[in-house]
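The structure appears below as C-alpha cells.
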There are 2 protein chains.
Amino acid sequence: MQVIKIKPLDEKSFAPYGDVIDFNRKPDFAINNGKCDRFHDLAQVSILGDDAKLGISLGRGRPYTLPLELNMMERHPLGSQAFIPLDKKPFLLIVAADKDGAPDAPIAFMAEEGQGVNYHRNTWHAVLTPLDEQGDFVIVDRIGEGNNLEEYFFDTPYLIKNR
Amino acid sequence: MQVIKIKPLDEKSFAPYGDVIDFNRKPDFAINNGKCDRFHDLAQVSILGDDAKLGISLGRGRPYTLPLELNMMERHPLGSQAFIPLDKKPFLLIVAADKDGAPDAPIAFMAEEGQGVNYHRNTWHAVLTPLDEQGDFVIVDRIGEGNNLEEYFFDTPYLIKNR
C-alpha cells in the first residue's frame with residue numbers, strides 16, 4: 001500500500017485545491033468602530049446552476065484515527081465547499097489534482113488549530129476527517145438541485161501517516 | 001436610562017430577526033457514509049444586487065462588559081449576515097424591529113455556548129458583542145458593491161443588563 005505522509009497546511013501549498021480560512025494573516029480592515037478586525041473574503045466561493053444558493057449548515061463528524069486507509073475521494077462539480085472547525089482542533093485534509101476524471105496522487109495536510117478550508121469547485125477531496133475526537137464544523141456550500149457529488153473508489157487504498 | 005434585560009437565545013424568539021445556527025436540533029441527514037451528521041441549510045441567506053456574492057470572512061472582536069450602554073444599532077439593506085463563534089463562548093445579541101425607519105425597542109439575547117446567528121437582511125442589530133474575552137467568529141455575509149450599511153444613533157442610550 002502506498003504511504004502518504006501528512007504535511008502542515010499552509011495557504012501556498014493548498015492554493016491549487018482551495019483556500020485556507022484562518023487568522024494567520026493581517027486583518028483587512030476594522031469594523032464596529034474599531035472593535036472588530038475583519039479578515040475579509042477569504043474563500044473563492046462558486047456555485048453553478050439556477051435555483052442554487054450558497055448556504056450555511058453545520059456538521060458533526062465522528063473521529064478517525066491515524067494511520068488511515070484512504071479508499072475513496074469525492075468532488076462537487078457544481079460548487080465550492082467550506083469547512084471551518086468550531087472547536088479549534090486539528091483535522092486531516094486530503095486533496096488531489098484531477099487526472100483524466102480520477103484523482104491523481106493524493107496529498108494530505110493537517111489543519112492546525114483554528115484553520116478551516118474552502119475546497120474549490122470540482123476539487124477531489126476526502127470526506128471530513130476529524131482526528132481522535134468528534135469534530136464540529138460550519139459548512140458553507142451549494143444548496144440546490146442537480147447531482148453535485150462524484151465519488152471515486154481506489155483499486156488499492158493509500159495509507160495516510162503522520163509526518 | 002431605560003434598562004433592557006438579557007434573555008436566553010432560542011430559535012422561536014429570535015425568528016422575527018434571524019436564524020439560530022446551532023446543534024440543538026435533530027440532524028437532517030448523514031453524509032460521509034454515516035460518519036458525519038449534517039444539520040442542513042440553517043440560515044435564510046439573502047443578497048441583493050448584481051455583482052454581489054455571499055462570502056466567507058473571519059472576525060476577531062474585542063470584548064465588551066456588562067452592563068453595557070447601547071448607543072447605536074445598524075442594519076444591512078442588501079444582505080443577510082451570519083456570525084458563528086469559533087470558540088463556543090457566549091456572546092451578546094441585540095436586535096430590534098423596525099419602526100418608521102428606526103429601531104423599535106431593542107431586545108437582548110445571550111447566545112449560549114456554540115450558538116451562532118444569521119441576521120436577516122435589513123434587521124436592526126447591535127455590533128458584534130463578545131463578552132469579557134476576545135471572540136473569534138466566522139462571518140458569512142454579502143460581499144459586493146453598494147451601500148449596505150445603515151446606522152442609527154439613539155438620543156438616549158439603553159442599558160443592557162444580565163437577566
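Chain identifiers are assigned as A, B, and so on, following the order in which chains appear in the C-alpha cells; residues are numbered from 1 within each chain, and ligands are numbered from 1 in order of appearance.
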
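Those residues of chain A that fall within 6 Å of chain B when using only C-alpha atoms read Asn32, Lys35, Cys36, Asp37, Arg38, Phe39, His40, Asp41, Leu42, Ala43, Gly55, Ile56, Ser57, Leu58, Gly59, Arg60, Gly61, Arg62, Leu86, Asp87 and Val127 of chain A.
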
**OP:** Check the DSSP output for the backbone and give back, as a PyMOL selection string, the residues of chain A in strand (DSSP E).
**Re:** chain A and resi 2-8+18-21+29-31+36-39+52-61+68-75+81-85+91-96+98-99+102-103+107-111+116-119+124-125+129-130+135-144+150-161

Original post:
Could you pull the residues within 12 Å of stretch 99-107 of chain B, counting only C-alpha atoms, minus those fewer than 6 positions along the same chain, as a PyMOL selection string?
Top reply: chain B and resi 2-9+13-14+16-17+69-75+77+92-93+122-126+150-155+157-161

Now that the selection is made, can you save its residues with N, CA, C and O atoms as a compact mmCIF listing (two decimals), in the first residue's frame?
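Result written to part.txt:
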```
# COMPACT_ATOMS: atom_id res chain seq x y z
N GLN B 2 -33.26 53.67 30.05
CA GLN B 2 -34.13 52.50 30.05
C GLN B 2 -33.29 51.22 30.11
O GLN B 2 -32.30 51.09 29.40
N VAL B 3 -33.70 50.30 30.97
CA VAL B 3 -32.94 49.07 31.16
C VAL B 3 -33.54 47.94 30.32
O VAL B 3 -34.76 47.76 30.29
N ILE B 4 -32.67 47.18 29.66
CA ILE B 4 -33.12 46.01 28.90
C ILE B 4 -32.44 44.78 29.48
O ILE B 4 -31.20 44.75 29.59
N LYS B 5 -33.24 43.80 29.87
CA LYS B 5 -32.67 42.58 30.45
C LYS B 5 -32.43 41.54 29.35
O LYS B 5 -33.21 41.43 28.40
N ILE B 6 -31.37 40.78 29.55
CA ILE B 6 -30.97 39.82 28.52
C ILE B 6 -31.73 38.51 28.68
O ILE B 6 -31.81 37.98 29.78
N LYS B 7 -32.25 38.00 27.57
CA LYS B 7 -32.97 36.72 27.57
C LYS B 7 -32.10 35.64 26.93
O LYS B 7 -31.24 35.94 26.10
N PRO B 8 -32.34 34.39 27.30
CA PRO B 8 -31.60 33.33 26.59
C PRO B 8 -32.04 33.29 25.13
O PRO B 8 -33.18 33.60 24.80
N LEU B 9 -31.12 32.89 24.27
CA LEU B 9 -31.42 32.82 22.83
C LEU B 9 -32.11 31.51 22.51
O LEU B 9 -31.62 30.43 22.87
N SER B 13 -37.97 32.69 19.63
CA SER B 13 -37.96 34.12 19.99
C SER B 13 -37.16 34.94 18.98
O SER B 13 -37.44 36.12 18.75
N PHE B 14 -36.15 34.30 18.41
CA PHE B 14 -35.26 35.04 17.50
C PHE B 14 -35.79 35.06 16.06
O PHE B 14 -35.30 35.84 15.24
N PRO B 16 -38.21 36.33 14.29
CA PRO B 16 -38.51 37.54 13.51
C PRO B 16 -37.27 38.30 13.04
O PRO B 16 -37.37 39.14 12.15
N TYR B 17 -36.11 38.01 13.64
CA TYR B 17 -34.90 38.77 13.36
C TYR B 17 -33.86 37.98 12.57
O TYR B 17 -33.04 38.55 11.87
N GLU B 69 -23.86 50.01 27.69
CA GLU B 69 -24.67 51.10 27.13
C GLU B 69 -24.83 50.93 25.64
O GLU B 69 -23.83 50.88 24.90
N LEU B 70 -26.04 50.83 25.20
CA LEU B 70 -26.31 50.67 23.76
C LEU B 70 -26.62 52.03 23.16
O LEU B 70 -27.67 52.63 23.44
N ASN B 71 -25.70 52.50 22.34
CA ASN B 71 -25.86 53.83 21.74
C ASN B 71 -26.30 53.79 20.28
O ASN B 71 -26.82 54.76 19.76
N MET B 72 -26.05 52.64 19.65
CA MET B 72 -26.20 52.59 18.19
C MET B 72 -26.65 51.20 17.75
O MET B 72 -26.28 50.20 18.36
N MET B 73 -27.44 51.18 16.70
CA MET B 73 -27.73 49.91 16.03
C MET B 73 -27.52 50.11 14.53
O MET B 73 -27.47 51.24 14.04
N GLU B 74 -27.39 49.01 13.82
CA GLU B 74 -27.16 49.10 12.38
C GLU B 74 -27.98 48.04 11.66
O GLU B 74 -28.50 47.10 12.28
N ARG B 75 -28.12 48.21 10.36
CA ARG B 75 -28.74 47.16 9.54
C ARG B 75 -28.14 47.19 8.14
O ARG B 75 -27.51 48.18 7.74
N PRO B 77 -29.19 46.71 4.36
CA PRO B 77 -30.34 46.60 3.46
C PRO B 77 -30.13 45.64 2.30
O PRO B 77 -31.12 45.21 1.69
N LEU B 92 -23.26 38.37 23.24
CA LEU B 92 -24.49 39.14 23.38
C LEU B 92 -25.03 39.54 22.01
O LEU B 92 -24.27 39.94 21.12
N LEU B 93 -26.35 39.43 21.87
CA LEU B 93 -27.03 39.85 20.64
C LEU B 93 -28.10 40.86 21.00
O LEU B 93 -28.85 40.63 21.95
N ASN B 122 -31.69 43.44 6.41
CA ASN B 122 -32.37 44.67 6.84
C ASN B 122 -32.91 44.62 8.29
O ASN B 122 -33.78 45.41 8.64
N THR B 123 -32.38 43.71 9.09
CA THR B 123 -32.78 43.64 10.50
C THR B 123 -31.85 44.49 11.36
O THR B 123 -30.63 44.36 11.28
N TRP B 124 -32.44 45.35 12.17
CA TRP B 124 -31.63 46.17 13.09
C TRP B 124 -30.92 45.27 14.10
O TRP B 124 -31.53 44.40 14.72
N HIS B 125 -29.63 45.51 14.30
CA HIS B 125 -28.87 44.73 15.28
C HIS B 125 -27.70 45.58 15.79
O HIS B 125 -27.28 46.53 15.15
N ALA B 126 -27.23 45.19 16.97
CA ALA B 126 -26.06 45.86 17.53
C ALA B 126 -24.80 45.26 16.90
O ALA B 126 -24.85 44.23 16.24
N GLU B 150 -26.55 50.86 7.23
CA GLU B 150 -27.33 51.98 7.75
C GLU B 150 -27.17 51.97 9.26
O GLU B 150 -27.34 50.93 9.90
N GLU B 151 -26.84 53.11 9.83
CA GLU B 151 -26.62 53.20 11.28
C GLU B 151 -27.68 54.10 11.90
O GLU B 151 -28.11 55.08 11.29
N TYR B 152 -28.04 53.79 13.13
CA TYR B 152 -28.99 54.64 13.85
C TYR B 152 -28.45 54.91 15.26
O TYR B 152 -28.17 53.96 16.01
N PHE B 153 -28.31 56.16 15.60
CA PHE B 153 -27.79 56.53 16.93
C PHE B 153 -28.95 56.99 17.82
O PHE B 153 -29.75 57.84 17.40
N PHE B 154 -29.04 56.41 19.00
CA PHE B 154 -30.12 56.76 19.92
C PHE B 154 -29.85 58.10 20.61
O PHE B 154 -28.70 58.39 20.97
N ASP B 155 -30.89 58.89 20.82
CA ASP B 155 -30.75 60.14 21.59
C ASP B 155 -30.38 59.80 23.03
O ASP B 155 -29.51 60.43 23.64
N PRO B 157 -29.19 56.54 25.36
CA PRO B 157 -28.78 55.14 25.26
C PRO B 157 -29.64 54.22 26.13
O PRO B 157 -30.30 54.67 27.07
N TYR B 158 -29.65 52.96 25.80
CA TYR B 158 -30.27 51.93 26.64
C TYR B 158 -29.18 51.28 27.48
O TYR B 158 -28.01 51.23 27.09
N LEU B 159 -29.59 50.71 28.62
CA LEU B 159 -28.65 49.99 29.46
C LEU B 159 -28.99 48.50 29.41
O LEU B 159 -30.10 48.10 29.78
N ILE B 160 -28.04 47.69 28.95
CA ILE B 160 -28.27 46.25 28.78
C ILE B 160 -27.69 45.54 29.99
O ILE B 160 -26.49 45.66 30.28
N LYS B 161 -28.54 44.80 30.68
CA LYS B 161 -28.11 44.13 31.92
C LYS B 161 -28.40 42.64 31.85
O LYS B 161 -29.36 42.22 31.20
```

Subject >> Point-to-point distance in Å for atom CA of A:Asp132 and atom CA of A:Pro67 >> reply: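 These two atoms are separated by 11.3 Å.
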
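When only C-alpha atoms are used to compute distances to A:Gln81, the closest of the residues A:Arg25, A:Val117, A:Asp10, A:Asn162 turns out to be A:Val117.
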
**OP:** Please indicate the distance in Å from atom CA of B:Ala15 to atom CA of A:Gly79, rounded to one decimal place.
**Re:** 28.5 Å
